[in-house]
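Student: structure.pdb is reproduced in full below (PDB, C-alpha atoms).
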ATOM      1  CA  MET A 365     -16.516  19.414  -5.388
ATOM      2  CA  LYS A 366     -16.488  16.386  -7.672
ATOM      3  CA  LYS A 367     -19.863  15.058  -8.826
ATOM      4  CA  VAL A 368     -20.430  11.332  -8.599
ATOM      5  CA  ASP A 369     -22.518   9.652 -11.281
ATOM      6  CA  LEU A 370     -24.371   6.926  -9.400
ATOM      7  CA  LEU A 371     -25.599   5.307 -12.635
ATOM      8  CA  GLN A 372     -22.007   4.474 -13.618
ATOM      9  CA  ALA A 373     -21.312   2.520 -10.428
ATOM     10  CA  PRO A 374     -20.816  -1.249 -10.546
ATOM     11  CA  ILE A 375     -23.904  -3.374 -10.198
ATOM     12  CA  PRO A 376     -24.064  -5.224  -6.844
ATOM     13  CA  GLY A 377     -22.638  -8.700  -7.341
ATOM     14  CA  GLN A 378     -20.910  -7.778 -10.599
ATOM     15  CA  SER A 379     -17.571  -9.004  -9.284
ATOM     16  CA  LEU A 380     -19.095 -12.447  -8.795
ATOM     17  CA  THR A 381     -20.014 -12.807 -12.486
ATOM     18  CA  GLY A 382     -16.431 -12.963 -13.771
ATOM     19  CA  SER A 383     -14.398 -16.128 -14.094
ATOM     20  CA  PRO A 384     -13.068 -17.305 -10.739
ATOM     21  CA  LYS A 385      -9.336 -17.127 -10.050
ATOM     22  CA  ASN A 386      -8.690 -14.299 -12.540
ATOM     23  CA  TYR A 387      -6.417 -12.531 -10.077
ATOM     24  CA  PRO A 388      -3.558 -13.895  -7.950
ATOM     25  CA  TRP A 389      -5.331 -12.954  -4.693
ATOM     26  CA  GLU A 390      -8.333 -15.104  -5.698
ATOM     27  CA  ARG A 391      -6.181 -18.248  -5.800
ATOM     28  CA  PRO A 392      -4.823 -20.134  -2.802
ATOM     29  CA  PRO A 393      -1.682 -18.411  -1.468
ATOM     30  CA  GLU A 394       1.759 -19.863  -2.071
ATOM     31  CA  MET A 395       2.631 -19.560   1.641
ATOM     32  CA  VAL A 396       0.141 -20.308   4.392
ATOM     33  CA  GLU A 397       2.179 -20.241   7.581
ATOM     34  CA  VAL A 398       3.279 -16.901   9.015
ATOM     35  CA  LYS A 399       6.721 -18.400   9.645
ATOM     36  CA  GLU A 400       7.038 -19.108   5.901
ATOM     37  CA  VAL A 401       6.057 -15.540   5.040
ATOM     38  CA  VAL A 402       8.572 -14.073   7.515
ATOM     39  CA  ASN A 403      11.355 -16.340   6.206
ATOM     40  CA  HIS A 404      10.512 -15.440   2.588
ATOM     41  CA  TYR A 405      10.789 -11.695   3.202
ATOM     42  CA  ILE A 406      13.871 -11.976   5.418
ATOM     43  CA  LYS A 407      15.672 -13.986   2.720
ATOM     44  CA  LYS A 408      14.610 -11.479   0.071
ATOM     45  CA  ILE A 409      15.487  -8.379   2.109
ATOM     46  CA  ALA A 410      18.794  -9.825   3.384
ATOM     47  CA  ASN A 411      20.180  -9.450  -0.140
ATOM     48  CA  GLU A 412      22.749  -6.639  -0.191
ATOM     49  CA  ASP A 413      21.190  -4.999  -3.286
ATOM     50  CA  VAL A 414      17.793  -4.863  -1.587
ATOM     51  CA  MET A 415      19.268  -3.399   1.593
ATOM     52  CA  ASP A 416      21.149  -0.751  -0.402
ATOM     53  CA  ASP A 417      17.954   0.342  -2.132
ATOM     54  CA  LEU A 418      15.954   0.332   1.090
ATOM     55  CA  ALA A 419      18.664   2.471   2.714
ATOM     56  CA  ILE A 420      18.233   5.032  -0.069
ATOM     57  CA  THR A 421      14.468   4.983   0.477
ATOM     58  CA  PHE A 422      14.890   5.703   4.196
ATOM     59  CA  LYS A 423      17.496   8.394   3.529
ATOM     60  CA  LEU A 424      14.909  10.100   1.321
ATOM     61  CA  GLY A 425      12.510  10.214   4.278
ATOM     62  CA  ALA A 426      10.282   7.138   4.050
ATOM     63  CA  ASP A 427       9.006   5.633   7.303
ATOM     64  CA  LEU A 428       9.196   1.982   8.337
ATOM     65  CA  GLN A 429       5.451   1.457   8.776
ATOM     66  CA  THR A 430       4.568   2.608   5.246
ATOM     67  CA  VAL A 431       7.401   0.636   3.646
ATOM     68  CA  THR A 432       6.483  -2.555   5.510
ATOM     69  CA  GLU A 433       2.762  -2.218   4.767
ATOM     70  CA  THR A 434       3.534  -1.681   1.083
ATOM     71  CA  ILE A 435       5.763  -4.758   0.938
ATOM     72  CA  MET A 436       3.072  -6.870   2.641
ATOM     73  CA  THR A 437       0.315  -5.532   0.373
ATOM     74  CA  THR A 438       2.405  -6.273  -2.702
ATOM     75  CA  GLY A 439       2.925  -9.863  -1.545
ATOM     76  CA  ALA A 440      -0.786 -10.369  -0.914
ATOM     77  CA  MET A 441      -1.663  -8.904  -4.320
ATOM     78  CA  LYS A 442       0.792 -11.263  -6.015
ATOM     79  CA  GLY A 443      -0.811 -14.220  -4.241
ATOM     80  CA  LEU A 444       2.267 -15.046  -2.156
ATOM     81  CA  HIS A 445       0.338 -14.979   1.139
ATOM     82  CA  THR A 446      -2.950 -13.880   2.624
ATOM     83  CA  VAL A 447      -3.530 -10.382   3.944
ATOM     84  CA  ASP A 448      -3.777 -11.864   7.448
ATOM     85  CA  ALA A 449      -0.422 -13.613   7.174
ATOM     86  CA  GLY A 450       1.097 -10.373   5.903
ATOM     87  CA  MET A 451      -0.288  -8.430   8.852
ATOM     88  CA  LEU A 452       1.134 -10.963  11.292
ATOM     89  CA  ALA A 453       4.503 -11.132   9.534
ATOM     90  CA  GLY A 454       4.791  -7.340   9.164
ATOM     91  CA  PRO A 455       6.230  -6.533  12.608
ATOM     92  CA  HIS A 456       8.919  -9.210  12.232
ATOM     93  CA  VAL A 457       9.887  -7.971   8.777
ATOM     94  CA  ALA A 458       9.896  -4.364  10.037
ATOM     95  CA  ALA A 459      12.215  -5.327  12.906
ATOM     96  CA  PHE A 460      14.571  -7.039  10.437
ATOM     97  CA  ILE A 461      14.583  -3.987   8.160
ATOM     98  CA  LYS A 462      15.255  -1.665  11.095
ATOM     99  CA  ALA A 463      18.129  -3.853  12.313
ATOM    100  CA  GLY A 464      19.540  -3.974   8.792
ATOM    101  CA  MET A 465      19.402  -0.199   8.441
ATOM    102  CA  SER A 466      21.388   0.188  11.664
ATOM    103  CA  THR A 467      24.354  -1.439   9.890
ATOM    104  CA  TYR A 468      24.073   1.270   7.227
ATOM    105  CA  ASP A 469      23.862   3.991   9.906
ATOM    106  CA  VAL A 470      20.580   5.147   8.373
ATOM    107  CA  PRO A 471      18.066   6.620  10.808
ATOM    108  CA  VAL A 472      14.666   4.962  10.386
ATOM    109  CA  LYS A 473      11.445   6.682  11.405
ATOM    110  CA  GLU A 474       9.119   3.933  12.589
ATOM    111  CA  THR A 475       5.906   5.869  12.018
ATOM    112  CA  PRO A 476       5.004   9.317  10.847
ATOM    113  CA  VAL A 477       5.943  11.941  13.422
ATOM    114  CA  THR A 478       2.790  14.031  13.777
ATOM    115  CA  LYS A 479      -0.910  13.316  13.499
ATOM    116  CA  ALA A 480      -1.091  15.517  10.407
ATOM    117  CA  GLU A 481       1.613  13.372   8.778
ATOM    118  CA  SER A 482      -0.160  10.125   9.636
ATOM    119  CA  ASP A 483      -2.681  10.477   6.854
ATOM    120  CA  GLU A 484      -2.265   7.205   4.961
ATOM    121  CA  TYR A 485      -2.917   8.566   1.496
ATOM    122  CA  LYS A 486      -0.373  11.336   1.953
ATOM    123  CA  HIS A 487       2.369   8.925   2.993
ATOM    124  CA  LYS A 488       1.670   6.395   0.305
ATOM    125  CA  SER A 489       1.721   9.066  -2.369
ATOM    126  CA  ARG A 490       4.941  10.462  -0.873
ATOM    127  CA  LEU A 491       6.506   7.001  -0.905
ATOM    128  CA  ALA A 492       5.368   6.551  -4.510
ATOM    129  CA  LEU A 493       7.087   9.810  -5.468
ATOM    130  CA  LEU A 494      10.270   8.795  -3.658
ATOM    131  CA  LEU A 495      10.284   5.425  -5.392
ATOM    132  CA  GLU A 496       9.571   7.031  -8.758
ATOM    133  CA  ALA A 497      12.446   9.488  -8.272
ATOM    134  CA  GLU A 498      14.817   6.662  -7.412
ATOM    135  CA  LEU A 499      13.696   4.427 -10.294
ATOM    136  CA  GLU A 500      13.952   7.254 -12.852
ATOM    137  CA  LYS A 501      17.692   7.382 -12.220
ATOM    138  CA  VAL A 502      18.075   3.757 -13.333
ATOM    139  CA  ALA A 503      17.742   2.134 -16.755
ATOM    140  CA  PRO A 504      14.827  -0.349 -17.087
ATOM    141  CA  GLU A 505      17.286  -3.177 -17.839
ATOM    142  CA  GLU A 506      18.983  -2.627 -14.468
ATOM    143  CA  VAL A 507      15.663  -2.907 -12.630
ATOM    144  CA  GLN A 508      15.140  -6.409 -13.990
ATOM    145  CA  GLN A 509      18.681  -7.478 -13.046
ATOM    146  CA  ASP A 510      18.824  -5.956  -9.543
ATOM    147  CA  GLU A 511      16.522  -7.624  -6.976
ATOM    148  CA  GLY A 512      16.476  -4.515  -4.783
ATOM    149  CA  LEU A 513      15.389  -2.279  -7.630
ATOM    150  CA  GLU A 514      12.834  -4.895  -8.650
ATOM    151  CA  LEU A 515      11.359  -4.796  -5.123
ATOM    152  CA  LEU A 516      11.168  -0.982  -5.308
ATOM    153  CA  ALA A 517       9.461  -1.212  -8.725
ATOM    154  CA  ASP A 518       6.921  -3.688  -7.327
ATOM    155  CA  MET A 519       6.229  -1.377  -4.389
ATOM    156  CA  GLN A 520       5.744   1.569  -6.753
ATOM    157  CA  GLU A 521       3.357  -0.432  -8.937
ATOM    158  CA  THR A 522       1.317  -1.431  -5.886
ATOM    159  CA  LEU A 523       1.064   2.162  -4.698
ATOM    160  CA  GLU A 524      -0.026   3.336  -8.148
ATOM    161  CA  THR A 525      -2.771   0.714  -8.467
ATOM    162  CA  GLU A 526      -4.338   1.487  -5.090
ATOM    163  CA  GLN A 527      -7.287   3.817  -5.582
ATOM    164  CA  PRO A 528      -8.011   6.448  -2.928
ATOM    165  CA  GLN A 529     -11.469   5.993  -1.482
ATOM    166  CA  GLU A 530     -14.012   8.690  -2.222
ATOM    167  CA  GLU A 531     -15.057  10.550   0.876
ATOM    168  CA  ALA A 532     -18.749  11.047   1.494
ATOM    169  CA  PRO A 533     -19.752  14.643   0.860
ATOM    170  CA  MET A 534     -19.940  16.608   4.078
ATOM    171  CA  GLU A 535     -23.152  18.433   4.814
ATOM    172  CA  GLU A 536     -22.511  22.134   5.225
ATOM    173  CA  GLU A 537     -23.462  23.549   8.584
ATOM    174  CA  GLY A 538     -26.335  26.013   8.687
ATOM    175  CA  ILE A 539     -27.780  24.931   5.339
ATOM    176  CA  THR A 540     -30.634  22.496   5.632
ATOM    177  CA  MET A 541     -32.490  21.080   2.705
ATOM    178  CA  PRO A 542     -36.275  20.787   2.968
ATOM    179  CA  PRO A 543     -37.438  17.159   3.255
ATOM    180  CA  LYS A 544     -38.630  15.620  -0.008
ATOM    181  CA  GLY A 545     -40.558  12.510  -0.845
ATOM    182  CA  LEU A 546     -43.846  10.851   0.043
ATOM    183  CA  MET A 547     -43.156  10.476   3.742
ATOM    184  CA  ALA A 548     -41.635  13.921   4.276
ATOM    185  CA  LYS A 549     -43.561  16.034   6.750
ATOM    186  CA  GLU A 550     -43.968  19.696   6.110
ATOM    187  CA  SER A 551     -43.924  22.031   9.055
ATOM    188  CA  VAL A 552     -46.626  24.683   8.956
TER     189      VAL A 552
END
If you took the structure in this file and wrote it as structure tokens, what would it be?
Tutor:
Amino acid sequence: MKKVDLLQAPIPGQSLTGSPKNYPWERPPEMVEVKEVVNHYIKKIANEDVMDDLAITFKLGADLQTVTETIMTTGAMKGLHTVDAGMLAGPHVAAFIKAGMSTYDVPVKETPVTKAESDEYKHKSRLALLLEAELEKVAPEEVQQDEGLELLADMQETLETEQPQEEAPMEEEGITMPPKGLMAKESV
């Protein structure tokens, strides 16, 4: 079990002491309307290079929900749109991706199959590994020239920067700690 040093945690309000607008998501988004967001992603994904690379991702076993959520999160982190606009545009973009993959005859899993597979961290790490495997095959110069590979690189970067949340330690059953402190009552 990993120990957590509570004295090394951020001070409450510490994020408010930095300069405003340091990060793209702290600035006003480039696109406000959901229709704009949907059109942006459809134009970007309609590119043949992007569709080819997405087809490879789905052939490797990625699911539509995780891919779409990653694309939307990447856009929000870059300041293209708000998280809300991304959530509303997501189903439309997912439908476009699914329709596009049907032309490639690539089967697309919409969501993870079983409850055990639906663990978000597991799927995002799996997608990160799939993207890493695909991007290792390509020279870095090609990634900058190919829009599809650039999208995959952005998705991989987003997945790597997301930190898994620490789970609260579970109290073991059967072991009870005696109450401590001024107000603790002792049973006699």
Student: In Å to one decimal, how far is CA of Pro392 (chain A) from CA of Ala440 (chain A)?
Tutor: 10.7 Å
Student: Could you name the residues that touch region 457-465 of chain A at 9 Å or less, counting only C-alpha atoms, but leaving out those on the same chain fewer than 5 positions away, as a PDB file with C-alpha atoms, keeping the file's coordinate frame?
Tutor:
ATOM      1  CA  VAL A 402       8.572 -14.073   7.515  1.00  0.00           C
ATOM      2  CA  ASN A 403      11.355 -16.340   6.206  1.00  0.00           C
ATOM      3  CA  TYR A 405      10.789 -11.695   3.202  1.00  0.00           C
ATOM      4  CA  ILE A 406      13.871 -11.976   5.418  1.00  0.00           C
ATOM      5  CA  ILE A 409      15.487  -8.379   2.109  1.00  0.00           C
ATOM      6  CA  ALA A 410      18.794  -9.825   3.384  1.00  0.00           C
ATOM      7  CA  MET A 415      19.268  -3.399   1.593  1.00  0.00           C
ATOM      8  CA  LEU A 418      15.954   0.332   1.090  1.00  0.00           C
ATOM      9  CA  ALA A 419      18.664   2.471   2.714  1.00  0.00           C
ATOM     10  CA  PHE A 422      14.890   5.703   4.196  1.00  0.00           C
ATOM     11  CA  LEU A 428       9.196   1.982   8.337  1.00  0.00           C
ATOM     12  CA  GLN A 429       5.451   1.457   8.776  1.00  0.00           C
ATOM     13  CA  VAL A 431       7.401   0.636   3.646  1.00  0.00           C
ATOM     14  CA  THR A 432       6.483  -2.555   5.510  1.00  0.00           C
ATOM     15  CA  VAL A 470      20.580   5.147   8.373  1.00  0.00           C
ATOM     16  CA  PRO A 471      18.066   6.620  10.808  1.00  0.00           C
ATOM     17  CA  VAL A 472      14.666   4.962  10.386  1.00  0.00           C
ATOM     18  CA  GLU A 474       9.119   3.933  12.589  1.00  0.00           C
TER      19      GLU A 474
END
Student: What gap, in Å, lies between CA of Thr446 (chain A) and CA of Val401 (chain A)?
Tutor: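 Atom-to-atom, CA of Thr446 (chain A) to CA of Val401 (chain A), that is 9.5 Å.
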Student: In Å, how far is it from CA of Lys423 (chain A) to CA of Leu523 (chain A)?
Tutor: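 Answer for the CA of Lys423 (chain A) to CA of Leu523 (chain A) separation: 19.4 Å.
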Student: For Asp448 (chain A), list every protein, DNA or RNA residue within 10 Å, evaluated using all atoms listed in the file, and leave out those in the same chain fewer than 4 positions away; present the list as a PyMOL selection string.
Tutor: chain A and resi 396+398+436+440+452-454
Student: I'd like the contact shell of Gln520 (chain A) - 9 Å cut-off, only C-alpha atoms, skipping same-chain residues fewer than 2 positions apart - returned as a PDB file with C-alpha atoms, keeping the file's coordinate frame.
Tutor:
ATOM      1  CA  THR A 434       3.534  -1.681   1.083  1.00  0.00           C
ATOM      2  CA  LEU A 491       6.506   7.001  -0.905  1.00  0.00           C
ATOM      3  CA  ALA A 492       5.368   6.551  -4.510  1.00  0.00           C
ATOM      4  CA  LEU A 493       7.087   9.810  -5.468  1.00  0.00           C
ATOM      5  CA  LEU A 495      10.284   5.425  -5.392  1.00  0.00           C
ATOM      6  CA  GLU A 496       9.571   7.031  -8.758  1.00  0.00           C
ATOM      7  CA  LEU A 515      11.359  -4.796  -5.123  1.00  0.00           C
ATOM      8  CA  LEU A 516      11.168  -0.982  -5.308  1.00  0.00           C
ATOM      9  CA  ALA A 517       9.461  -1.212  -8.725  1.00  0.00           C
ATOM     10  CA  ASP A 518       6.921  -3.688  -7.327  1.00  0.00           C
ATOM     11  CA  THR A 522       1.317  -1.431  -5.886  1.00  0.00           C
ATOM     12  CA  LEU A 523       1.064   2.162  -4.698  1.00  0.00           C
ATOM     13  CA  GLU A 524      -0.026   3.336  -8.148  1.00  0.00           C
ATOM     14  CA  THR A 525      -2.771   0.714  -8.467  1.00  0.00           C
TER      15      THR A 525
END
Student: Run through the PyMOL selection byres ((chain A and resi 513) around 9) on the given coordinates and return the selected residues as an MDAnalysis selection string.
Tutor: chainID A and resid 413:414 417 498:499 502 506:512 514:518
